[in-house]
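Written out below as structure tokens is the structure these notes cover.
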Amino acid sequence: VLVVQRTYTVNQACFTNQRITVERPLDVRGQSSWQLGDEPAVLSQVDGCTAIVDTELLLQPGQTLCQEQFLSETSDLHQEFVRLWQPRWLRAASQSHELLTRAANFARTYLPSSSFHFPPITAAVWAKALQKYKPYAARGTDGWSKQDLQNLPPQATQVLLDFFTRLEAGEAEWPTQWVQGLVHGLQKRPGVADADGHRPICVLSIAYRTWSSIRARQALRQLLPLMGCEASGFLPGREPAEVWMAIQAAVELHVQSGQPLAGVSTDLIKAFNGLPRGHTFAVAAHLGFPASLLQPWQSVLARLERRFSIRDAVSGPCWSDTGFPEGCPLSTLAMALTDLMFHRYLQE
């Protein structure tokens with residue numbers, strides 16, 4: 001069940017029949033409680049932007065009509081999630097071209113060029129990656145499970161690995177089932193009941209997730225020497241808790257010494273879902289990441305079809321030209337590249 005808060009402004013009010021007109025159509029899906037000003041109200045004969053209001057309050061233009069809406073029908077829930085996330089995933093045209101160009105120029109000027117190597121995936125590497133999953137790891141739309149991949153005959157596993165080699169060489173394309181994702185909304189914290197209070201975790205094919213997790217680990221391991229000591233997220237041998245340890249140590253030191261201390265904390269809103277793709281891939285190419293990694297990765301994102309899954313029913317498809325899906329292991333590499341630029345920018 002989603003609980004949605006909506007507000008409307010009364011543009012016109014008729015005293016004789018208690019009819020009001022608001023600035024946009026009233027949403028009457030599900031069940032709702034209404035409040036006009038500070039008084040409870042009951043709406044009837046709703047028709048688009050107009051309704052009859054039963055309230056003790058004297059009606060007049062400019063009043064605020066508040067709605068607390070409870071949605072439980074699967075189709076309504078799908079509609080809420082799609083309405084919220086589709087504009088966020090399709091906003092490349094609205095991003096500042098000037099700002100992204102400036103950031104790209106900064107990256108070319110201040111970030112070093114290196115060389116990253118990604119050898120063909122061997123059967124041993126593949127088996128080790130599969131062992132990291134929990135016994136009942138989520139399946140993608142292709143239906144394959146961890147056990148299915150582990151129980152393949154060695155010859156079939158090698159066929160799969162040869163396919164990845166051809167894919168990275170630009171000689172093959174992703175199967176349709178591997179560029180489809182089921183989005184499950186995970187509640188961010190207790191008590192948050194609207195669509196925006198859920199994190200859109202995308203469940204992709206376990207075969208794709210295994211390939212991308214192998215490449216992401218290899219990429220982050222090679223990227224580590226370029227990252228400053230301040231960066232902690234997603235990097236081997238580091239964890240975000242180290243940030244809090246550093247802050248705590250700084251506070252204790254300055255309290256004991258009586259020295260002043262200033263700091264600032266920032267948060268990227270919908271971080272993974274807001275990163276600009278073209279700019280991120282340009283930075284990766286400048287650093288030295290090969291086309292064998294970047295092209296398949298870009299191809300998945302360009303073709304990715306996400307559907308919200310609720311009660312085993314799926315919504316219509318959602319497309320994207322912005323951000324990196326939460327649930328794809330390579331998305332952590334995109335965030336690490338952003339961290340690298342952020343820290344280097346502050347240093348310079």
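If you're wondering about the labels, chains in the structure tokens are A, B, ... by order shown, residues count from 1 in each chain, ligands from 1 in order shown.
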Would you tabulate, counting only C-alpha atoms, all residues of range 57-157 of chain A that have an atom at most 9 Å from an atom of range 195-203 of chain A, showing the closest pair of atoms and their distance in Å to one decimal, sorted by chain then ascending number, as JSON lines?
{"residue": "A:Leu77", "atom": "CA", "partner": "A:Ala195", "partner_atom": "CA", "distance": 8.3}
{"residue": "A:Glu80", "atom": "CA", "partner": "A:Ala195", "partner_atom": "CA", "distance": 6.6}
{"residue": "A:Phe81", "atom": "CA", "partner": "A:Ala195", "partner_atom": "CA", "distance": 5.8}
{"residue": "A:Leu84", "atom": "CA", "partner": "A:Ala195", "partner_atom": "CA", "distance": 7.3}
{"residue": "A:Trp85", "atom": "CA", "partner": "A:Pro200", "partner_atom": "CA", "distance": 8.7}
{"residue": "A:Ala138", "atom": "CA", "partner": "A:Val203", "partner_atom": "CA", "distance": 7.0}
{"residue": "A:Arg139", "atom": "CA", "partner": "A:Val203", "partner_atom": "CA", "distance": 7.2}
{"residue": "A:Gly140", "atom": "CA", "partner": "A:Val203", "partner_atom": "CA", "distance": 5.7}
{"residue": "A:Thr141", "atom": "CA", "partner": "A:Val203", "partner_atom": "CA", "distance": 8.4}
7 Å contact set for range 271-281 of chain A, only C-alpha atoms, chain neighbours under 5 positions out, as an MDAnalysis selection string: chainID A and resid 89 100 104 322:326 334
Residues from last step as file, N, CA, C and O atoms, as a compact mmCIF listing (two decimals), in the first residue's frame:
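Contents of result-v9.txt, freshly written:
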# COMPACT_ATOMS: atom_id res chain seq x y z
N TRP A 89 14.62 8.89 -15.24
CA TRP A 89 15.49 8.05 -16.06
C TRP A 89 15.63 8.58 -17.48
O TRP A 89 16.52 8.15 -18.21
N LEU A 100 28.41 19.80 -18.00
CA LEU A 100 29.02 18.50 -18.29
C LEU A 100 30.29 18.68 -19.12
O LEU A 100 31.27 17.96 -18.94
N ALA A 104 33.96 17.45 -18.09
CA ALA A 104 34.76 16.59 -18.96
C ALA A 104 36.13 17.21 -19.24
O ALA A 104 37.15 16.51 -19.26
N THR A 322 19.65 8.24 -18.67
CA THR A 322 20.38 8.86 -17.57
C THR A 322 20.51 7.86 -16.42
O THR A 322 19.62 7.06 -16.19
N GLY A 323 21.63 7.93 -15.72
CA GLY A 323 21.80 7.14 -14.52
C GLY A 323 22.26 5.72 -14.78
O GLY A 323 22.35 5.26 -15.93
N PHE A 324 22.54 5.03 -13.69
CA PHE A 324 22.99 3.65 -13.71
C PHE A 324 22.12 2.84 -12.76
O PHE A 324 21.93 3.25 -11.61
N PRO A 325 21.57 1.72 -13.20
CA PRO A 325 20.59 0.99 -12.38
C PRO A 325 21.18 0.44 -11.10
O PRO A 325 22.27 -0.12 -11.09
N GLU A 326 20.44 0.61 -10.01
CA GLU A 326 20.82 0.00 -8.74
C GLU A 326 20.51 -1.50 -8.85
O GLU A 326 19.36 -1.89 -9.01
N ALA A 334 30.72 3.24 -11.91
CA ALA A 334 30.31 4.59 -12.31
C ALA A 334 30.37 5.54 -11.12
O ALA A 334 30.83 6.69 -11.24
Would you please work out which residue, of A:Ala282, A:Cys328, A:Ala51, A:Leu186, is nearest to Val10 in chain A when using only C-alpha atoms?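 Selected residue with least distance to Val10 in chain A: A:Ala51.
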For Leu346 in chain A, the closest of A:Ala124, A:Tyr110, A:Trp244, A:Thr165 counting only C-alpha atoms is A:Tyr110
If DSSP is run on the backbone, what residues of range 46-160 of chain A are strand (DSSP E)? A reply as JSON, numbers by chain would be ideal. {"A": [46, 47, 50, 51, 52, 53, 54, 64, 65, 66, 67, 68, 69, 70, 71]}
Against range 221-226 of chain A, which residues of range 50-134 of chain A fall within 12 Å? For each one I want the closest pair of atoms and the distance in Å (one decimal), counting only C-alpha atoms, rows by chain and increasing residue number, as a Markdown table.
| residue | atom | partner | partner_atom | distance |
| --- | --- | --- | --- | --- |
| A:Tyr110 | CA | A:Leu226 | CA | 11.8 |
| A:Leu111 | CA | A:Leu226 | CA | 8.8 |
| A:Pro112 | CA | A:Leu226 | CA | 8.1 |
| A:Ser113 | CA | A:Leu226 | CA | 9.8 |
| A:Ser114 | CA | A:Leu226 | CA | 9.1 |
| A:Ser115 | CA | A:Gln222 | CA | 8.9 |
| A:Phe116 | CA | A:Gln222 | CA | 6.7 |
| A:His117 | CA | A:Gln222 | CA | 8.4 |
| A:Phe118 | CA | A:Gln222 | CA | 10.0 |
Return the single residue from A:Arg24, A:Ile121, A:Val314, A:Ala216 that is closest to Met335 in chain A, with distances computed using only C-alpha atoms.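 Closest candidate: A:Ala216.
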Figure out the distance between CA of Ser32 in chain A and CA of Arg83 in chain A, please, to one decimal in Å.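 CA of Ser32 in chain A lies 19.3 Å from CA of Arg83 in chain A.
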Can you pull out the residues contacting Pro175 in chain A? Cut-off 10 Å, using only C-alpha atoms, and skip same-chain residues under 5 positions away; I want them as a ChimeraX atom specification. /A:142,180,208,300
Which one of A:Gln155, A:Ser44, A:Ser212, A:Gln86 sits closest to Trp297 in chain A if you count only C-alpha atoms?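 Ranking A:Gln155, A:Ser44, A:Ser212, A:Gln86 by distance to Trp297 in chain A, first place goes to A:Ser212.
Distance annotation: of A:Val283, A:Ala246, A:Ala219, A:Ala291, the residue with the minimal separation from Pro329 in chain A is A:Ala219; atom set is only C-alpha atoms.
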Please identify which residues in range 89-282 of chain A DSSP calls alpha helix (DSSP H) from the backbone, and express them as a PyMOL selection string. chain A and resi 89+97-110+123-131+146-150+154-168+206-223+241-257+271-274+277-282
Set the distance at 10 Å and use only C-alpha atoms: which residues neighbour Phe164 in chain A once local chain neighbours fewer than 2 positions away are removed? I'd like the list as a ChimeraX atom specification. /A:120-121,158-162,166-174,208,211,296
Using the selection just defined, write its residues with all heavy atoms as a short mmCIF file (atom, residue, chain, number, x, y, z; two decimals), in the first residue's frame.
data_model
loop_
_atom_site.label_atom_id
_atom_site.label_comp_id
_atom_site.auth_asym_id
_atom_site.auth_seq_id
_atom_site.Cartn_x
_atom_site.Cartn_y
_atom_site.Cartn_z
N PRO A 120 40.22 -12.56 -20.78
CA PRO A 120 39.02 -13.40 -20.91
C PRO A 120 38.70 -14.11 -19.60
O PRO A 120 39.60 -14.52 -18.86
CB PRO A 120 39.40 -14.38 -22.02
CG PRO A 120 40.45 -13.67 -22.81
CD PRO A 120 41.22 -12.84 -21.83
N ILE A 121 37.43 -14.25 -19.32
CA ILE A 121 36.99 -14.87 -18.07
C ILE A 121 37.17 -16.39 -18.18
O ILE A 121 36.70 -17.02 -19.12
CB ILE A 121 35.52 -14.53 -17.79
CG1 ILE A 121 35.36 -13.02 -17.64
CG2 ILE A 121 35.02 -15.24 -16.53
CD1 ILE A 121 33.91 -12.56 -17.53
N GLN A 158 31.77 -23.34 -20.95
CA GLN A 158 32.76 -22.75 -21.84
C GLN A 158 32.11 -22.05 -23.02
O GLN A 158 32.59 -21.00 -23.47
CB GLN A 158 33.73 -23.83 -22.34
CG GLN A 158 34.95 -23.27 -23.06
CD GLN A 158 35.73 -22.30 -22.20
OE1 GLN A 158 36.08 -22.61 -21.06
NE2 GLN A 158 36.01 -21.11 -22.72
N VAL A 159 31.00 -22.59 -23.51
CA VAL A 159 30.26 -21.93 -24.58
C VAL A 159 29.78 -20.55 -24.10
O VAL A 159 29.86 -19.55 -24.83
CB VAL A 159 29.05 -22.79 -25.03
CG1 VAL A 159 28.12 -21.97 -25.94
CG2 VAL A 159 29.53 -24.03 -25.74
N LEU A 160 29.29 -20.50 -22.86
CA LEU A 160 28.83 -19.24 -22.29
C LEU A 160 29.99 -18.24 -22.16
O LEU A 160 29.85 -17.06 -22.53
CB LEU A 160 28.19 -19.49 -20.93
CG LEU A 160 27.61 -18.29 -20.18
CD1 LEU A 160 26.50 -17.63 -20.99
CD2 LEU A 160 27.08 -18.72 -18.81
N LEU A 161 31.14 -18.71 -21.68
CA LEU A 161 32.28 -17.83 -21.52
C LEU A 161 32.83 -17.37 -22.87
O LEU A 161 33.27 -16.22 -23.02
CB LEU A 161 33.37 -18.54 -20.72
CG LEU A 161 32.98 -18.94 -19.29
CD1 LEU A 161 34.16 -19.61 -18.59
CD2 LEU A 161 32.49 -17.74 -18.49
N ASP A 162 32.79 -18.24 -23.85
CA ASP A 162 33.20 -17.84 -25.21
C ASP A 162 32.27 -16.77 -25.77
O ASP A 162 32.72 -15.87 -26.50
CB ASP A 162 33.21 -19.06 -26.14
CG ASP A 162 34.31 -20.04 -25.80
OD1 ASP A 162 35.27 -19.64 -25.10
OD2 ASP A 162 34.22 -21.22 -26.23
N ARG A 166 33.30 -13.04 -27.18
CA ARG A 166 32.86 -12.47 -28.46
C ARG A 166 32.10 -11.16 -28.25
O ARG A 166 32.22 -10.22 -29.03
CB ARG A 166 32.00 -13.46 -29.23
CG ARG A 166 32.76 -14.69 -29.70
CD ARG A 166 31.97 -15.55 -30.68
NE ARG A 166 30.78 -16.12 -30.07
CZ ARG A 166 29.53 -15.75 -30.36
NH1 ARG A 166 29.32 -14.80 -31.26
NH2 ARG A 166 28.51 -16.34 -29.76
N LEU A 167 31.32 -11.11 -27.18
CA LEU A 167 30.57 -9.90 -26.87
C LEU A 167 31.51 -8.73 -26.61
O LEU A 167 31.32 -7.62 -27.12
CB LEU A 167 29.69 -10.17 -25.65
CG LEU A 167 28.70 -9.06 -25.26
CD1 LEU A 167 27.47 -9.13 -26.16
CD2 LEU A 167 28.28 -9.21 -23.81
N GLU A 168 32.55 -8.96 -25.83
CA GLU A 168 33.50 -7.90 -25.51
C GLU A 168 34.33 -7.49 -26.71
O GLU A 168 34.84 -6.37 -26.76
CB GLU A 168 34.41 -8.37 -24.36
CG GLU A 168 33.67 -8.53 -23.04
CD GLU A 168 34.55 -9.06 -21.92
OE1 GLU A 168 35.65 -9.58 -22.23
OE2 GLU A 168 34.15 -8.97 -20.75
N ALA A 169 34.44 -8.38 -27.68
CA ALA A 169 35.16 -8.06 -28.91
C ALA A 169 34.28 -7.37 -29.93
O ALA A 169 34.74 -7.03 -31.03
CB ALA A 169 35.76 -9.33 -29.51
N GLY A 170 33.01 -7.16 -29.59
CA GLY A 170 32.08 -6.51 -30.51
C GLY A 170 31.53 -7.43 -31.57
O GLY A 170 30.99 -6.97 -32.58
N GLU A 171 31.62 -8.74 -31.36
CA GLU A 171 31.19 -9.72 -32.36
C GLU A 171 29.84 -10.35 -32.01
O GLU A 171 29.40 -11.27 -32.69
CB GLU A 171 32.25 -10.81 -32.50
CG GLU A 171 33.61 -10.27 -32.93
CD GLU A 171 34.70 -11.33 -32.85
OE1 GLU A 171 34.38 -12.45 -32.37
OE2 GLU A 171 35.85 -11.04 -33.24
N ALA A 172 29.19 -9.89 -30.94
CA ALA A 172 27.90 -10.45 -30.53
C ALA A 172 27.10 -9.36 -29.82
O ALA A 172 27.64 -8.31 -29.46
CB ALA A 172 28.09 -11.66 -29.62
N GLU A 173 25.80 -9.62 -29.64
CA GLU A 173 24.92 -8.68 -28.96
C GLU A 173 24.30 -9.37 -27.75
O GLU A 173 24.19 -10.59 -27.70
CB GLU A 173 23.82 -8.18 -29.89
CG GLU A 173 24.32 -7.31 -31.03
CD GLU A 173 23.17 -6.74 -31.84
OE1 GLU A 173 22.00 -7.11 -31.54
OE2 GLU A 173 23.42 -5.92 -32.74
N TRP A 174 23.86 -8.55 -26.80
CA TRP A 174 23.22 -9.09 -25.61
C TRP A 174 21.90 -9.76 -25.96
O TRP A 174 21.11 -9.20 -26.72
CB TRP A 174 22.95 -7.97 -24.60
CG TRP A 174 24.17 -7.38 -23.98
CD1 TRP A 174 24.71 -6.16 -24.25
CD2 TRP A 174 25.01 -7.98 -22.99
NE1 TRP A 174 25.84 -5.95 -23.48
CE2 TRP A 174 26.04 -7.05 -22.69
CE3 TRP A 174 24.99 -9.20 -22.31
CZ2 TRP A 174 27.03 -7.32 -21.76
CZ3 TRP A 174 25.98 -9.46 -21.38
CH2 TRP A 174 26.98 -8.54 -21.11
N TYR A 208 24.16 -12.17 -16.52
CA TYR A 208 24.70 -10.82 -16.74
C TYR A 208 25.32 -10.28 -15.46
O TYR A 208 26.41 -9.68 -15.49
CB TYR A 208 23.62 -9.87 -17.23
CG TYR A 208 24.08 -8.43 -17.18
CD1 TYR A 208 24.91 -7.92 -18.17
CD2 TYR A 208 23.76 -7.60 -16.10
CE1 TYR A 208 25.39 -6.61 -18.11
CE2 TYR A 208 24.23 -6.30 -16.03
CZ TYR A 208 25.05 -5.82 -17.04
OH TYR A 208 25.52 -4.54 -16.96
N TRP A 211 28.81 -11.73 -14.96
CA TRP A 211 29.79 -11.09 -15.83
C TRP A 211 30.14 -9.70 -15.33
O TRP A 211 31.32 -9.33 -15.22
CB TRP A 211 29.26 -11.00 -17.26
CG TRP A 211 30.11 -10.15 -18.16
CD1 TRP A 211 31.25 -10.54 -18.83
CD2 TRP A 211 29.92 -8.76 -18.46
NE1 TRP A 211 31.76 -9.47 -19.53
CE2 TRP A 211 30.97 -8.37 -19.33
CE3 TRP A 211 28.97 -7.83 -18.10
CZ2 TRP A 211 31.08 -7.07 -19.82
CZ3 TRP A 211 29.08 -6.53 -18.59
CH2 TRP A 211 30.13 -6.16 -19.44
N PRO A 296 30.16 -3.00 -24.28
CA PRO A 296 29.08 -3.87 -23.80
C PRO A 296 28.27 -3.22 -22.68
O PRO A 296 27.05 -3.39 -22.61
CB PRO A 296 29.81 -5.12 -23.30
CG PRO A 296 31.14 -5.09 -23.94
CD PRO A 296 31.47 -3.65 -24.15
#
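A straight line drawn from CA of Asn11 in chain A to CA of Gly62 in chain A is 6.1 Å long.
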For range 129-131 of chain A: contacts at 10 Å, only C-alpha atoms, fewer than 2 positions along chain excluded, given as an mmCIF file with N, CA, C and O atoms, in the first residue's frame:
data_model
loop_
_atom_site.group_PDB
_atom_site.id
_atom_site.type_symbol
_atom_site.label_atom_id
_atom_site.label_comp_id
_atom_site.auth_asym_id
_atom_site.auth_seq_id
_atom_site.Cartn_x
_atom_site.Cartn_y
_atom_site.Cartn_z
ATOM 1 N N ALA A 123 36.955 -20.409 -16.540
ATOM 2 C CA ALA A 123 35.964 -21.210 -15.814
ATOM 3 C C ALA A 123 36.175 -21.094 -14.308
ATOM 4 O O ALA A 123 35.202 -21.066 -13.526
ATOM 5 N N ALA A 124 37.431 -21.021 -13.868
ATOM 6 C CA ALA A 124 37.707 -20.904 -12.439
ATOM 7 C C ALA A 124 37.221 -19.572 -11.890
ATOM 8 O O ALA A 124 36.630 -19.510 -10.795
ATOM 9 N N VAL A 125 37.475 -18.494 -12.622
ATOM 10 C CA VAL A 125 37.004 -17.172 -12.194
ATOM 11 C C VAL A 125 35.482 -17.136 -12.156
ATOM 12 O O VAL A 125 34.872 -16.587 -11.230
ATOM 13 N N TRP A 126 34.850 -17.726 -13.163
ATOM 14 C CA TRP A 126 33.389 -17.775 -13.239
ATOM 15 C C TRP A 126 32.805 -18.547 -12.051
ATOM 16 O O TRP A 126 31.858 -18.079 -11.406
ATOM 17 N N ALA A 127 33.383 -19.701 -11.735
ATOM 18 C CA ALA A 127 32.881 -20.520 -10.625
ATOM 19 C C ALA A 127 33.030 -19.790 -9.297
ATOM 20 O O ALA A 127 32.147 -19.848 -8.433
ATOM 21 N N TYR A 133 27.202 -15.748 -4.485
ATOM 22 C CA TYR A 133 25.770 -15.519 -4.343
ATOM 23 C C TYR A 133 25.202 -16.335 -3.184
ATOM 24 O O TYR A 133 25.708 -17.405 -2.849
ATOM 25 N N LYS A 134 24.122 -15.830 -2.608
ATOM 26 C CA LYS A 134 23.388 -16.608 -1.623
ATOM 27 C C LYS A 134 22.694 -17.778 -2.316
ATOM 28 O O LYS A 134 22.488 -17.754 -3.537
ATOM 29 N N PRO A 135 22.324 -18.815 -1.562
ATOM 30 C CA PRO A 135 21.738 -20.010 -2.201
ATOM 31 C C PRO A 135 20.535 -19.706 -3.088
ATOM 32 O O PRO A 135 20.353 -20.344 -4.120
ATOM 33 N N LYS A 146 21.271 -19.444 -9.732
ATOM 34 C CA LYS A 146 22.667 -19.749 -9.408
ATOM 35 C C LYS A 146 22.951 -21.231 -9.617
ATOM 36 O O LYS A 146 23.974 -21.607 -10.204
ATOM 37 N N GLN A 147 22.024 -22.075 -9.148
ATOM 38 C CA GLN A 147 22.225 -23.519 -9.276
ATOM 39 C C GLN A 147 22.262 -23.954 -10.731
ATOM 40 O O GLN A 147 23.020 -24.859 -11.107
ATOM 41 N N LEU A 149 23.420 -22.297 -13.301
ATOM 42 C CA LEU A 149 24.736 -21.981 -13.867
ATOM 43 C C LEU A 149 25.824 -22.869 -13.272
ATOM 44 O O LEU A 149 26.760 -23.271 -13.974
ATOM 45 N N GLN A 150 25.697 -23.197 -11.990
ATOM 46 C CA GLN A 150 26.704 -24.063 -11.365
ATOM 47 C C GLN A 150 26.638 -25.490 -11.886
ATOM 48 O O GLN A 150 27.659 -26.187 -11.942
ATOM 49 N N ILE A 206 21.002 -13.385 -13.808
ATOM 50 C CA ILE A 206 22.141 -13.739 -12.962
ATOM 51 C C ILE A 206 23.384 -13.991 -13.811
ATOM 52 O O ILE A 206 24.512 -13.798 -13.343
ATOM 53 N N ALA A 207 23.212 -14.381 -15.056
ATOM 54 C CA ALA A 207 24.372 -14.546 -15.947
ATOM 55 C C ALA A 207 25.006 -13.183 -16.221
ATOM 56 O O ALA A 207 26.232 -13.028 -16.157
ATOM 57 N N ARG A 209 24.652 -10.484 -14.321
ATOM 58 C CA ARG A 209 25.174 -9.967 -13.060
ATOM 59 C C ARG A 209 26.523 -10.585 -12.727
ATOM 60 O O ARG A 209 27.395 -9.914 -12.160
ATOM 61 N N THR A 210 26.706 -11.846 -13.083
ATOM 62 C CA THR A 210 27.985 -12.498 -12.794
ATOM 63 C C THR A 210 29.090 -11.912 -13.662
ATOM 64 O O THR A 210 30.189 -11.606 -13.175
ATOM 65 N N TRP A 211 28.805 -11.727 -14.957
ATOM 66 C CA TRP A 211 29.795 -11.090 -15.831
ATOM 67 C C TRP A 211 30.143 -9.696 -15.329
ATOM 68 O O TRP A 211 31.325 -9.333 -15.217
ATOM 69 N N SER A 213 29.769 -8.366 -12.362
ATOM 70 C CA SER A 213 30.435 -8.333 -11.057
ATOM 71 C C SER A 213 31.913 -8.683 -11.198
ATOM 72 O O SER A 213 32.760 -8.089 -10.516
ATOM 73 N N ILE A 214 32.234 -9.629 -12.083
ATOM 74 C CA ILE A 214 33.640 -9.974 -12.324
ATOM 75 C C ILE A 214 34.386 -8.760 -12.877
ATOM 76 O O ILE A 214 35.457 -8.389 -12.390
#
What does the distance from CA of Val1 in chain A to CA of Gly48 in chain A come to in Å, to one decimal? 24.4 Å
From A:Arg6, A:Leu287, A:Phe163, A:Val251, residue lying nearest Leu337 in chain A [only C-alpha atoms]: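 Among the listed residues, A:Leu287 lies closest to Leu337 in chain A.
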Long-range neighbours of Pro236 in chain A as a PyMOL selection string, 9 Å cut-off, only C-alpha atoms, 2 positions minimum in chain: chain A and resi 217+220-221+224+232-234+238-239
Could you write those residues out with C-alpha atoms, as a PDB file, in the first residue's frame?
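And here is the file that came out, result-v2.pdb:
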ATOM      1  CA  ARG A 217      35.784  -6.117  -9.215  1.00  0.00           C
ATOM      2  CA  LEU A 220      37.830  -1.272  -9.038  1.00  0.00           C
ATOM      3  CA  ARG A 221      40.971  -3.176  -8.083  1.00  0.00           C
ATOM      4  CA  LEU A 224      42.328   1.802  -6.492  1.00  0.00           C
ATOM      5  CA  SER A 232      35.991   4.660   0.699  1.00  0.00           C
ATOM      6  CA  GLY A 233      32.904   3.388  -1.103  1.00  0.00           C
ATOM      7  CA  PHE A 234      32.992   0.204  -3.215  1.00  0.00           C
ATOM      8  CA  ARG A 238      37.781  -0.021   2.194  1.00  0.00           C
ATOM      9  CA  GLU A 239      34.288   0.632   3.498  1.00  0.00           C
TER      10      GLU A 239
END
Please provide the set of residues having any atom within 12 Å of Asp312 in chain A, restricted to only C-alpha atoms, with same-chain residues fewer than 2 positions apart removed, written as a PyMOL selection string. chain A and resi 74-75+78+141+182-184+307-310+314-315
